[in-house]
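Visitor: Provided herewith: model-v8.tsv, TSV, C-alpha atoms (C1' of nucleotides).
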```tsv
chain	number	residue	atom	x	y	z
A	10	MET	CA	176.90	94.68	93.11
A	11	ILE	CA	174.09	95.18	95.62
A	12	THR	CA	172.56	92.00	96.94
A	13	ASN	CA	170.78	90.47	99.89
A	14	SER	CA	172.11	86.99	99.12
A	15	ARG	CA	174.09	86.76	102.35
A	16	VAL	CA	171.00	87.45	104.38
A	17	ALA	CA	168.50	85.51	102.28
A	18	TYR	CA	170.50	82.29	102.37
A	19	GLN	CA	171.64	82.32	106.00
A	20	GLN	CA	170.03	82.10	109.38
A	21	HIS	CA	169.27	85.64	110.43
A	22	ASP	CA	166.99	87.79	112.51
A	23	HIS	CA	164.24	88.05	109.96
A	24	LEU	CA	162.18	90.42	112.06
A	25	ARG	CA	164.77	93.03	111.19
A	26	CYS	CA	164.22	92.42	107.48
A	27	GLN	CA	160.49	92.77	107.95
A	28	ASN	CA	160.70	95.90	110.05
A	29	ALA	CA	163.21	97.54	107.77
A	30	ALA	CA	161.05	96.82	104.74
A	31	LEU	CA	157.99	98.21	106.45
A	32	GLN	CA	159.78	101.34	107.53
A	33	GLN	CA	161.21	101.91	104.06
A	34	ALA	CA	157.73	101.43	102.63
A	35	ARG	CA	156.26	104.00	105.00
A	36	ASN	CA	158.94	106.50	104.13
A	37	LEU	CA	158.55	105.94	100.43
A	38	CYS	CA	154.78	106.39	100.61
A	39	VAL	CA	155.16	109.66	102.45
A	40	ARG	CA	157.68	110.85	99.91
A	41	GLU	CA	155.44	109.83	97.03
A	42	LYS	CA	152.31	111.17	98.72
A	43	VAL	CA	150.42	107.91	98.41
A	44	ARG	CA	148.65	105.94	101.09
A	45	LEU	CA	149.95	102.77	102.65
A	46	THR	CA	146.52	101.58	103.75
A	47	PRO	CA	146.00	98.73	106.23
A	48	ILE	CA	145.35	96.26	103.42
A	49	ARG	CA	148.44	97.30	101.52
A	50	GLU	CA	150.55	97.16	104.63
A	51	ALA	CA	149.18	93.75	105.55
A	52	VAL	CA	149.99	92.43	102.08
A	53	LEU	CA	153.50	93.82	102.23
A	54	CYS	CA	154.09	92.35	105.70
A	55	MET	CA	152.85	88.97	104.65
A	56	ILE	CA	155.08	88.95	101.59
A	57	TRP	CA	157.97	89.79	103.89
A	58	GLN	CA	157.24	86.87	106.18
A	59	SER	CA	160.12	85.11	104.45
A	60	HIS	CA	162.55	85.39	101.56
A	61	ARG	CA	160.42	83.03	99.53
A	62	PRO	CA	158.16	84.39	96.80
A	63	LEU	CA	154.51	84.09	97.81
A	64	GLY	CA	151.68	83.27	95.41
A	65	ALA	CA	148.66	85.56	95.29
A	66	TYR	CA	146.26	82.88	96.46
A	67	LYS	CA	148.45	81.80	99.37
A	68	LEU	CA	148.46	85.45	100.30
A	69	ILE	CA	144.68	85.59	100.05
A	70	ASP	CA	144.26	82.52	102.23
A	71	GLN	CA	146.69	83.68	104.87
A	72	LEU	CA	145.27	87.19	105.00
A	73	SER	CA	141.77	85.78	105.26
A	74	GLU	CA	142.79	83.53	108.11
A	75	GLU	CA	144.71	86.22	109.94
A	76	SER	CA	142.08	88.93	109.62
A	77	GLY	CA	139.09	86.64	110.16
A	78	LYS	CA	137.32	87.99	107.09
A	79	ARG	CA	137.43	86.63	103.60
A	80	MET	CA	139.77	88.60	101.35
A	81	LEU	CA	138.85	88.40	97.68
A	82	PRO	CA	141.23	88.27	94.72
A	83	PRO	CA	140.64	91.81	93.40
A	84	THR	CA	141.40	93.29	96.80
A	85	VAL	CA	144.70	91.53	97.04
A	86	TYR	CA	145.67	92.02	93.41
A	87	ARG	CA	145.03	95.74	93.77
A	88	ALA	CA	147.33	95.91	96.76
A	89	LEU	CA	149.93	93.93	94.82
A	90	ASP	CA	149.66	96.31	91.86
A	91	PHE	CA	150.14	99.25	94.18
A	92	LEU	CA	153.24	97.73	95.75
A	93	LEU	CA	154.64	96.68	92.38
A	94	GLY	CA	154.15	100.19	91.07
A	95	LEU	CA	156.20	101.63	93.90
A	96	GLY	CA	158.87	98.99	93.49
A	97	LEU	CA	158.26	97.68	97.00
A	98	ILE	CA	157.77	94.18	95.69
A	99	HIS	CA	158.68	92.28	92.55
A	100	ARG	CA	156.84	89.63	90.62
A	101	ILE	CA	158.75	86.44	89.88
A	102	ALA	CA	157.31	85.44	86.52
A	103	THR	CA	158.63	81.91	86.53
A	104	LEU	CA	156.76	81.23	89.79
A	105	ASN	CA	153.74	83.51	89.45
A	106	ALA	CA	154.65	84.81	92.86
A	107	PHE	CA	155.69	87.97	94.65
A	108	ILE	CA	158.68	88.89	96.77
A	109	GLY	CA	159.68	91.92	98.77
A	110	CYS	CA	162.31	94.22	97.37
A	111	PRO	CA	165.18	94.67	99.82
A	112	PHE	CA	166.33	97.96	98.30
A	113	PRO	CA	163.29	99.81	96.99
A	114	GLY	CA	163.29	103.36	95.83
A	115	SER	CA	166.52	103.11	93.90
A	116	PRO	CA	166.08	102.35	90.24
A	117	HIS	CA	167.59	98.98	89.58
A	118	SER	CA	167.00	95.95	87.47
A	119	ASP	CA	167.86	92.72	89.01
A	120	VAL	CA	168.92	89.17	88.94
A	121	PHE	CA	166.82	86.87	91.10
A	122	LEU	CA	168.40	83.69	92.39
A	123	VAL	CA	165.50	81.34	93.14
A	124	CYS	CA	166.24	78.12	95.01
A	125	ARG	CA	164.32	75.24	93.51
A	126	LEU	CA	164.25	73.36	96.80
A	127	CYS	CA	163.63	75.82	99.61
A	128	GLY	CA	162.29	78.66	97.48
A	129	SER	CA	164.49	81.27	99.10
A	130	THR	CA	165.24	83.99	96.63
A	131	ALA	CA	167.98	86.58	96.63
A	132	GLU	CA	167.98	89.73	94.59
A	133	CYS	CA	171.19	91.05	93.04
A	134	SER	CA	171.64	94.32	91.24
A	135	VAL	CA	174.65	93.62	89.07
A	136	GLU	CA	176.24	96.16	86.79
A	137	THR	CA	177.94	93.58	84.57
A	138	VAL	CA	174.68	91.77	83.87
A	139	ASN	CA	172.82	94.97	83.17
A	140	SER	CA	175.43	96.43	80.88
A	141	ALA	CA	175.67	93.16	78.96
A	142	ILE	CA	171.91	93.14	78.48
A	143	VAL	CA	171.88	96.79	77.43
A	144	ALA	CA	174.67	96.11	74.93
A	145	THR	CA	172.75	93.14	73.54
A	146	ALA	CA	169.60	95.20	73.12
A	147	ASN	CA	171.53	98.02	71.51
A	148	ARG	CA	173.06	95.74	68.93
A	149	ALA	CA	169.58	94.57	68.00
A	150	GLY	CA	168.24	98.14	67.91
A	151	PHE	CA	165.91	97.21	70.74
A	152	GLU	CA	164.75	99.74	73.33
A	153	ILE	CA	164.52	98.24	76.80
A	154	GLU	CA	161.55	99.10	78.99
A	155	SER	CA	161.76	96.40	81.62
A	156	GLN	CA	163.45	93.10	82.21
A	157	ALA	CA	163.18	89.89	84.18
A	158	VAL	CA	166.29	87.91	84.97
A	159	GLU	CA	165.34	84.84	86.93
A	160	VAL	CA	167.86	82.14	87.74
A	161	THR	CA	166.65	78.84	89.18
A	162	GLY	CA	168.92	76.40	90.95
A	163	LEU	CA	170.21	75.51	94.39
A	164	CYS	CA	171.01	77.98	97.13
A	165	PRO	CA	174.16	77.42	99.23
A	166	LEU	CA	172.23	75.70	102.02
A	167	CYS	CA	170.25	73.30	99.85
A	168	ARG	CA	173.33	72.58	97.82
A	169	GLY	CA	175.15	71.54	100.97
A	170	ALA	CA	172.23	69.43	102.13
A	171	SER	CA	171.89	67.42	98.93
B	21	MET	CA	176.74	86.26	70.07
B	22	ILE	CA	174.24	84.09	68.21
B	23	THR	CA	170.94	85.76	67.48
B	24	ASN	CA	168.01	85.82	65.10
B	25	SER	CA	167.28	89.48	65.81
B	26	ARG	CA	168.03	90.57	62.23
B	27	VAL	CA	165.48	88.14	60.88
B	28	ALA	CA	162.88	88.46	63.62
B	29	TYR	CA	162.64	92.23	63.30
B	30	GLN	CA	162.75	92.61	59.52
B	31	GLN	CA	160.61	91.66	56.62
B	32	HIS	CA	161.75	88.24	55.50
B	33	ASP	CA	160.70	85.04	53.84
B	34	HIS	CA	159.23	83.44	56.89
B	35	LEU	CA	158.47	80.18	55.15
B	36	ARG	CA	162.18	79.56	55.23
B	37	CYS	CA	162.22	79.99	59.01
B	38	GLN	CA	159.35	77.58	59.34
B	39	ASN	CA	160.83	74.97	57.03
B	40	ALA	CA	164.26	75.21	58.60
B	41	ALA	CA	162.78	74.79	62.06
B	42	LEU	CA	160.77	71.80	60.98
B	43	GLN	CA	163.73	70.16	59.31
B	44	GLN	CA	165.93	70.74	62.33
B	45	ALA	CA	163.22	69.26	64.52
B	46	ARG	CA	162.99	66.15	62.38
B	47	ASN	CA	166.74	65.68	62.46
B	48	LEU	CA	166.91	66.19	66.18
B	49	CYS	CA	164.13	63.67	66.80
B	50	VAL	CA	165.90	61.07	64.70
B	51	ARG	CA	169.14	61.71	66.54
B	52	GLU	CA	167.39	61.49	69.92
B	53	LYS	CA	165.31	58.48	68.87
B	54	VAL	CA	162.05	60.13	69.81
B	55	ARG	CA	158.91	60.56	67.74
B	56	LEU	CA	157.79	63.77	66.13
B	57	THR	CA	154.15	62.72	65.92
B	58	PRO	CA	151.59	64.58	63.79
B	59	ILE	CA	150.28	66.44	66.82
B	60	ARG	CA	153.74	67.48	67.94
B	61	GLU	CA	154.65	68.58	64.45
B	62	ALA	CA	151.44	70.54	64.08
B	63	VAL	CA	152.09	72.32	67.37
B	64	LEU	CA	155.64	73.15	66.36
B	65	CYS	CA	154.51	74.46	62.96
B	66	MET	CA	151.84	76.61	64.50
B	67	ILE	CA	154.28	78.10	66.98
B	68	TRP	CA	156.55	78.88	64.05
B	69	GLN	CA	153.81	80.72	62.18
B	70	SER	CA	155.49	83.91	63.37
B	71	HIS	CA	158.21	85.26	65.62
B	72	ARG	CA	155.62	86.13	68.24
B	73	PRO	CA	155.20	83.92	71.29
B	74	LEU	CA	151.91	82.04	71.13
B	75	GLY	CA	149.72	81.26	74.15
B	76	ALA	CA	148.63	77.69	74.76
B	77	TYR	CA	144.96	78.47	74.32
B	78	LYS	CA	145.44	80.39	71.09
B	79	LEU	CA	147.32	77.35	69.93
B	80	ILE	CA	144.44	75.11	70.97
B	81	ASP	CA	141.90	77.25	69.16
B	82	GLN	CA	143.91	77.48	65.97
B	83	LEU	CA	144.73	73.79	65.91
B	84	SER	CA	141.09	72.95	66.52
B	85	GLU	CA	140.01	75.18	63.68
B	86	GLU	CA	142.67	73.93	61.30
B	87	SER	CA	142.18	70.25	61.99
B	88	GLY	CA	138.40	70.39	62.28
B	89	LYS	CA	138.40	68.48	65.54
B	90	ARG	CA	138.50	69.91	69.02
B	91	MET	CA	141.97	69.76	70.57
B	92	LEU	CA	141.91	69.65	74.35
B	93	PRO	CA	144.38	71.29	76.71
B	94	PRO	CA	146.18	68.15	77.90
B	95	THR	CA	146.88	67.12	74.33
B	96	VAL	CA	148.47	70.42	73.51
B	97	TYR	CA	150.31	70.82	76.78
B	98	ARG	CA	151.81	67.37	76.31
B	99	ALA	CA	153.10	68.32	72.91
B	100	LEU	CA	154.47	71.56	74.34
B	101	ASP	CA	156.25	69.65	77.12
B	102	PHE	CA	157.79	67.35	74.57
B	103	LEU	CA	159.05	70.24	72.45
B	104	LEU	CA	160.31	72.12	75.51
B	105	GLY	CA	162.19	69.05	76.64
B	106	LEU	CA	164.02	68.82	73.34
B	107	GLY	CA	164.74	72.53	73.34
B	108	LEU	CA	162.75	73.03	70.14
B	109	ILE	CA	160.65	75.72	71.77
B	110	HIS	CA	161.01	78.02	74.75
B	111	ARG	CA	158.48	79.28	77.24
B	112	ILE	CA	158.35	83.03	77.77
B	113	ALA	CA	157.38	83.25	81.43
B	114	THR	CA	156.43	86.92	81.38
B	115	LEU	CA	153.84	86.19	78.66
B	116	ASN	CA	152.81	82.62	79.48
B	117	ALA	CA	153.52	81.84	75.87
B	118	PHE	CA	155.73	79.71	73.68
B	119	ILE	CA	158.16	80.50	70.90
B	120	GLY	CA	160.23	78.44	68.52
B	121	CYS	CA	163.94	78.14	69.15
B	122	PRO	CA	165.95	79.21	66.10
B	123	PHE	CA	169.04	77.26	67.10
B	124	PRO	CA	167.95	74.12	68.91
B	125	GLY	CA	170.21	71.27	69.80
B	126	SER	CA	173.08	73.43	70.96
B	127	PRO	CA	173.10	74.03	74.68
B	128	HIS	CA	172.53	77.71	75.23
B	129	SER	CA	170.80	80.00	77.63
B	130	ASP	CA	169.33	83.05	76.16
B	131	VAL	CA	168.19	86.58	76.26
B	132	PHE	CA	164.75	87.14	74.78
B	133	LEU	CA	163.93	90.56	73.40
B	134	VAL	CA	160.13	90.81	73.48
B	135	CYS	CA	158.49	93.74	71.71
B	136	ARG	CA	155.66	95.14	73.80
B	137	LEU	CA	153.82	96.43	70.73
B	138	CYS	CA	154.11	93.84	67.98
B	139	GLY	CA	155.10	90.90	70.14
B	140	SER	CA	157.99	89.90	67.89
B	141	THR	CA	160.65	88.25	69.94
B	142	ALA	CA	164.30	87.66	69.16
B	143	GLU	CA	166.52	85.21	70.93
B	144	CYS	CA	170.16	86.03	71.63
B	145	SER	CA	172.74	83.71	73.05
B	146	VAL	CA	175.23	86.12	74.57
B	147	GLU	CA	178.41	85.07	76.27
B	148	THR	CA	178.81	88.31	78.24
B	149	VAL	CA	175.35	88.02	79.77
B	150	ASN	CA	175.84	84.39	80.62
B	151	SER	CA	179.23	84.81	82.18
B	152	ALA	CA	178.01	87.77	84.22
B	153	ILE	CA	175.09	85.70	85.52
B	154	VAL	CA	177.35	82.76	86.29
B	155	ALA	CA	179.74	85.05	88.16
B	156	THR	CA	176.85	86.52	90.13
B	157	ALA	CA	175.58	83.08	91.09
B	158	ASN	CA	179.06	81.95	92.06
B	159	ARG	CA	179.56	84.88	94.36
B	160	ALA	CA	176.32	83.94	96.13
B	161	GLY	CA	177.31	80.27	96.27
B	162	PHE	CA	174.30	79.52	94.09
B	163	GLU	CA	174.24	76.59	91.66
B	164	ILE	CA	172.45	77.46	88.42
B	165	GLU	CA	170.10	74.92	86.89
B	166	SER	CA	168.16	77.10	84.47
B	167	GLN	CA	167.53	80.71	83.75
B	168	ALA	CA	165.07	83.06	82.11
B	169	VAL	CA	166.26	86.39	80.79
B	170	GLU	CA	163.34	88.27	79.29
B	171	VAL	CA	163.65	91.84	78.16
B	172	THR	CA	160.51	93.78	77.25
B	173	GLY	CA	160.55	96.96	75.20
B	174	LEU	CA	160.33	98.17	71.64
B	175	CYS	CA	161.76	96.41	68.61
B	176	PRO	CA	163.48	98.50	65.92
B	177	LEU	CA	160.35	98.65	63.75
B	178	CYS	CA	157.90	99.65	66.47
B	179	ARG	CA	160.40	102.11	67.82
B	180	GLY	CA	160.57	103.78	64.43
B	181	ALA	CA	156.80	103.80	64.09
B	182	SER	CA	156.10	105.45	67.43
C	18	DC	C1'	152.74	37.65	63.66
C	19	DT	C1'	151.17	38.15	68.10
C	20	DA	C1'	151.39	38.87	73.06
C	21	DG	C1'	153.24	41.95	76.05
C	22	DT	C1'	155.13	46.51	76.94
C	23	DT	C1'	155.72	51.13	76.41
C	24	DT	C1'	154.47	55.49	74.48
C	25	DA	C1'	151.06	58.57	72.99
C	26	DT	C1'	146.53	60.32	72.85
C	27	DG	C1'	141.61	60.87	74.40
C	28	DT	C1'	138.48	62.42	77.98
C	29	DT	C1'	136.56	64.42	82.08
C	30	DA	C1'	137.17	67.21	85.63
C	31	DT	C1'	139.27	70.65	88.23
C	32	DA	C1'	143.16	73.52	90.05
C	33	DA	C1'	145.60	77.84	89.97
C	34	DT	C1'	146.19	82.51	88.51
C	35	DA	C1'	144.20	86.91	87.15
C	36	DT	C1'	140.88	90.52	85.64
C	37	DA	C1'	136.37	93.00	84.22
C	38	DA	C1'	132.72	95.64	85.66
C	39	DC	C1'	130.09	97.95	88.64
C	40	DA	C1'	128.55	99.17	93.58
C	41	DT	C1'	129.79	101.13	97.91
C	42	DT	C1'	132.52	103.28	101.30
C	43	DG	C1'	135.69	106.44	103.22
C	44	DC	C1'	138.75	110.33	103.18
C	45	DA	C1'	140.10	115.08	101.97
C	46	DT	C1'	138.96	119.63	100.73
C	47	DT	C1'	135.90	123.05	100.27
D	14	DA	C1'	127.47	119.18	104.86
D	15	DA	C1'	128.49	118.82	99.67
D	16	DT	C1'	131.63	117.35	96.45
D	17	DG	C1'	135.13	114.61	94.25
D	18	DC	C1'	138.43	111.14	94.15
D	19	DA	C1'	140.71	107.13	95.94
D	20	DA	C1'	140.09	102.73	97.92
D	21	DT	C1'	137.60	98.75	98.81
D	22	DG	C1'	133.66	95.43	98.29
D	23	DT	C1'	131.22	92.19	95.37
D	24	DT	C1'	129.92	89.19	91.65
D	25	DA	C1'	131.19	87.02	87.86
D	26	DT	C1'	134.27	85.22	84.64
D	27	DA	C1'	138.61	84.89	81.87
D	28	DT	C1'	143.00	82.65	81.35
D	29	DT	C1'	146.48	79.24	82.11
D	30	DA	C1'	147.66	74.60	83.54
D	31	DT	C1'	147.35	69.88	85.50
D	32	DA	C1'	145.44	65.43	87.70
D	33	DA	C1'	143.66	61.09	86.92
D	34	DC	C1'	142.22	57.52	84.45
D	35	DA	C1'	140.73	55.26	79.82
D	36	DT	C1'	141.93	54.00	75.16
D	37	DA	C1'	144.74	53.35	71.21
D	38	DA	C1'	148.87	53.06	68.59
D	39	DA	C1'	153.69	51.67	68.01
D	40	DC	C1'	157.48	49.11	69.20
D	41	DT	C1'	159.94	44.66	70.83
D	42	DA	C1'	160.86	39.99	71.87
D	43	DG	C1'	159.92	35.53	71.20
```
Show how you would write the structure in this file as structure tokens.

Guide:
Amino acid sequence: MITNSRVAYQQHDHLRCQNAALQQARNLCVREKVRLTPIREAVLCMIWQSHRPLGAYKLIDQLSEESGKRMLPPTVYRALDFLLGLGLIHRIATLNAFIGCPFPGSPHSDVFLVCRLCGSTAECSVETVNSAIVATANRAGFEIESQAVEVTGLCPLCRGAS
Amino acid sequence: MITNSRVAYQQHDHLRCQNAALQQARNLCVREKVRLTPIREAVLCMIWQSHRPLGAYKLIDQLSEESGKRMLPPTVYRALDFLLGLGLIHRIATLNAFIGCPFPGSPHSDVFLVCRLCGSTAECSVETVNSAIVATANRAGFEIESQAVEVTGLCPLCRGAS
DNA sequence: CTAGTTTATGTTATAATATAACATTGCATT
DNA sequence: AATGCAATGTTATATTATAACATAAACTAG
């Protein structure tokens, strides 16, 4: 299993998460020969401001505030589509929100553990879950193209607090 | 494994699905001492018109047409909330749409196999998937409250056709 | 059976999320 | 500089969902 659950649910030096993500993104864009433009980089950075999924309109508001000029939905959604396409971020369907991928570039399909209280979300690439899903699909004759596994509940911290 | 994938992805007498669902709903409502009002029943029936998840606004339009009077969003969303609460329908987050539950009343958390082409969606209650997710959550110290496992791809029929 | 209570529905308005369509700009190579 | 393509700007609107308050229907106790 690959996961960032230790980091996501503990106190940590988040600047390192942000910087690592940004550096990985730059490398990936070079490798893929695509452009990490200022807008795209700003969107990625803002999404990485925490381990909580961020809604598109919160993103728009924060970017507008930070840059001093009004960002409009299409601009931001285009950047999001770009980042999604490269696997640098994921969309959390149950929240209509976006979160940075801690291990981009490697093909993986994931379990997201979304805390209902604090919002912090860990990503886990788990072989047992994936193989069980693949087996299920196979038995139904179903060909998998993509999947969303989103678990909502309480993270270790919020669980302790309540 | 419990699943309706054989039925959902084959030709079948769908009236039987619809009638069975309706009868189960009536029984459940009696047992739970809640009211399956005309609106709620109409919404459930319409959702069961096929094995394809139905969006709230399609539902509104169809109900309006069928009943001859304009149904408004709150009316329909309230019926949907009621049915969701009883587990008679599920919400497919990746589609913002609703589908009937083929085995309501029994506690289960499911894998949905959503065909990208025809929309037909099967529900599978799979012990291996669930236990793998539970184990993953446990390792992260995460307490599960609910989960959404939505797999998108090609159903057996659409796979054959393409 | 009726007054009071709860549950359900009606109604108006608006919030929140996302995309279509077309214009303009900027960069990359000739 | 001329061209072509990728990215962004701009306007408008589609789609999904909920808040807030008014009315009506159904149940419950006396």

Visitor: Would you mind listing, as a compact mmCIF listing (two decimals) with C-alpha atoms, in the frame of the given file, all residues of chain B that have at least one atom within 9 Å of chain D, where all atoms listed in the file are what counts?

Guide:
```txt
# COMPACT_ATOMS: atom_id res chain seq x y z
CA GLY B 75 149.72 81.26 74.15
CA ALA B 76 148.63 77.69 74.76
CA TYR B 77 144.96 78.47 74.32
CA PRO B 93 144.38 71.29 76.71
CA PRO B 94 146.18 68.15 77.90
CA TYR B 97 150.31 70.82 76.78
CA ASN B 116 152.81 82.62 79.48
```

Visitor: Please enclose the listed atoms of range 31-46 of chain C in an axis-aligned box, pad each side by 6 Å, and write out the centre and the three edge lengths in Å, rounded to one decimal, as lines of an AutoDock Vina configuration file.

Guide:
```
center_x = 137.4
center_y = 95.1
center_z = 93.7
size_x = 29.6
size_y = 61.0
size_z = 31.0
```

Visitor: Write out, as JSON lines, each residue of chain B that has an atom at most 12 Å from chain C, together with the closest pair of atoms and their distance in Å to one decimal, counting all atoms listed in the file, rows going by chain and rising number.

Guide:
```
{"residue": "B:Val54", "atom": "CA", "partner": "C:DT24", "partner_atom": "C1'", "distance": 10.0}
{"residue": "B:Arg55", "atom": "CA", "partner": "C:DT24", "partner_atom": "C1'", "distance": 9.5}
{"residue": "B:Leu56", "atom": "CA", "partner": "C:DA25", "partner_atom": "C1'", "distance": 10.9}
{"residue": "B:Thr57", "atom": "CA", "partner": "C:DA25", "partner_atom": "C1'", "distance": 8.8}
{"residue": "B:Pro58", "atom": "CA", "partner": "C:DA25", "partner_atom": "C1'", "distance": 11.0}
{"residue": "B:Ile59", "atom": "CA", "partner": "C:DT26", "partner_atom": "C1'", "distance": 9.4}
{"residue": "B:Arg60", "atom": "CA", "partner": "C:DA25", "partner_atom": "C1'", "distance": 10.6}
{"residue": "B:Arg90", "atom": "CA", "partner": "C:DG27", "partner_atom": "C1'", "distance": 11.0}
{"residue": "B:Met91", "atom": "CA", "partner": "C:DG27", "partner_atom": "C1'", "distance": 9.7}
{"residue": "B:Leu92", "atom": "CA", "partner": "C:DG27", "partner_atom": "C1'", "distance": 8.8}
{"residue": "B:Pro93", "atom": "CA", "partner": "C:DT28", "partner_atom": "C1'", "distance": 10.7}
{"residue": "B:Pro94", "atom": "CA", "partner": "C:DG27", "partner_atom": "C1'", "distance": 9.3}
{"residue": "B:Thr95", "atom": "CA", "partner": "C:DT26", "partner_atom": "C1'", "distance": 7.0}
{"residue": "B:Val96", "atom": "CA", "partner": "C:DT26", "partner_atom": "C1'", "distance": 10.3}
{"residue": "B:Tyr97", "atom": "CA", "partner": "C:DT26", "partner_atom": "C1'", "distance": 11.8}
{"residue": "B:Arg98", "atom": "CA", "partner": "C:DA25", "partner_atom": "C1'", "distance": 9.4}
{"residue": "B:Ala99", "atom": "CA", "partner": "C:DA25", "partner_atom": "C1'", "distance": 10.0}
{"residue": "B:Phe102", "atom": "CA", "partner": "C:DA25", "partner_atom": "C1'", "distance": 11.2}
{"residue": "B:Asn116", "atom": "CA", "partner": "C:DT34", "partner_atom": "C1'", "distance": 11.2}
```

Visitor: Using all atoms listed in the file, what table do you get, as CSV, when you list each residue of chain A with an atom no more than 7 Å from chain B, its nearest pair of atoms, and their distance in Å rounded to one decimal, rows by chain then rising number?

Guide:
```
residue,atom,partner,partner_atom,distance
A:Ser14,CA,B:Ala160,CA,6.0
A:Ala102,CA,B:Thr114,CA,5.4
A:Thr103,CA,B:Ala113,CA,5.4
A:Thr137,CA,B:Ala152,CA,5.8
A:Val138,CA,B:Ala152,CA,5.2
A:Ala141,CA,B:Val149,CA,5.2
A:Ile142,CA,B:Val149,CA,6.3
A:Ala149,CA,B:Ser25,CA,6.0
A:Gly150,CA,B:Pro176,CA,5.2
A:Phe151,CA,B:Cys175,CA,4.7
A:Glu152,CA,B:Leu174,CA,5.0
A:Ile153,CA,B:Gly173,CA,4.5
A:Glu154,CA,B:Gly173,CA,4.5
A:Ser155,CA,B:Thr172,CA,5.2
A:Gln156,CA,B:Val171,CA,4.2
A:Ala157,CA,B:Glu170,CA,5.2
A:Val158,CA,B:Val169,CA,4.4
A:Glu159,CA,B:Ala168,CA,5.1
A:Val160,CA,B:Gln167,CA,4.3
A:Thr161,CA,B:Ser166,CA,5.2
A:Gly162,CA,B:Ile164,CA,4.5
A:Leu163,CA,B:Glu163,CA,5.0
A:Cys164,CA,B:Phe162,CA,4.7
A:Pro165,CA,B:Gly161,CA,5.2
```

Visitor: Counting all atoms listed in the file, which residues come within 8 Å of (156.6, 89.6, 99.2), with the point read in the file's coordinates, and could you list them as an MDAnalysis selection string?

Guide: chainID A and resid 52:63 98:99 107:110

Visitor: What does the distance from CA of Pro122 in chain B to CA of His32 in chain B come to in Å, to one decimal?

Guide: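 Between these atoms lies a distance of 14.5 Å.
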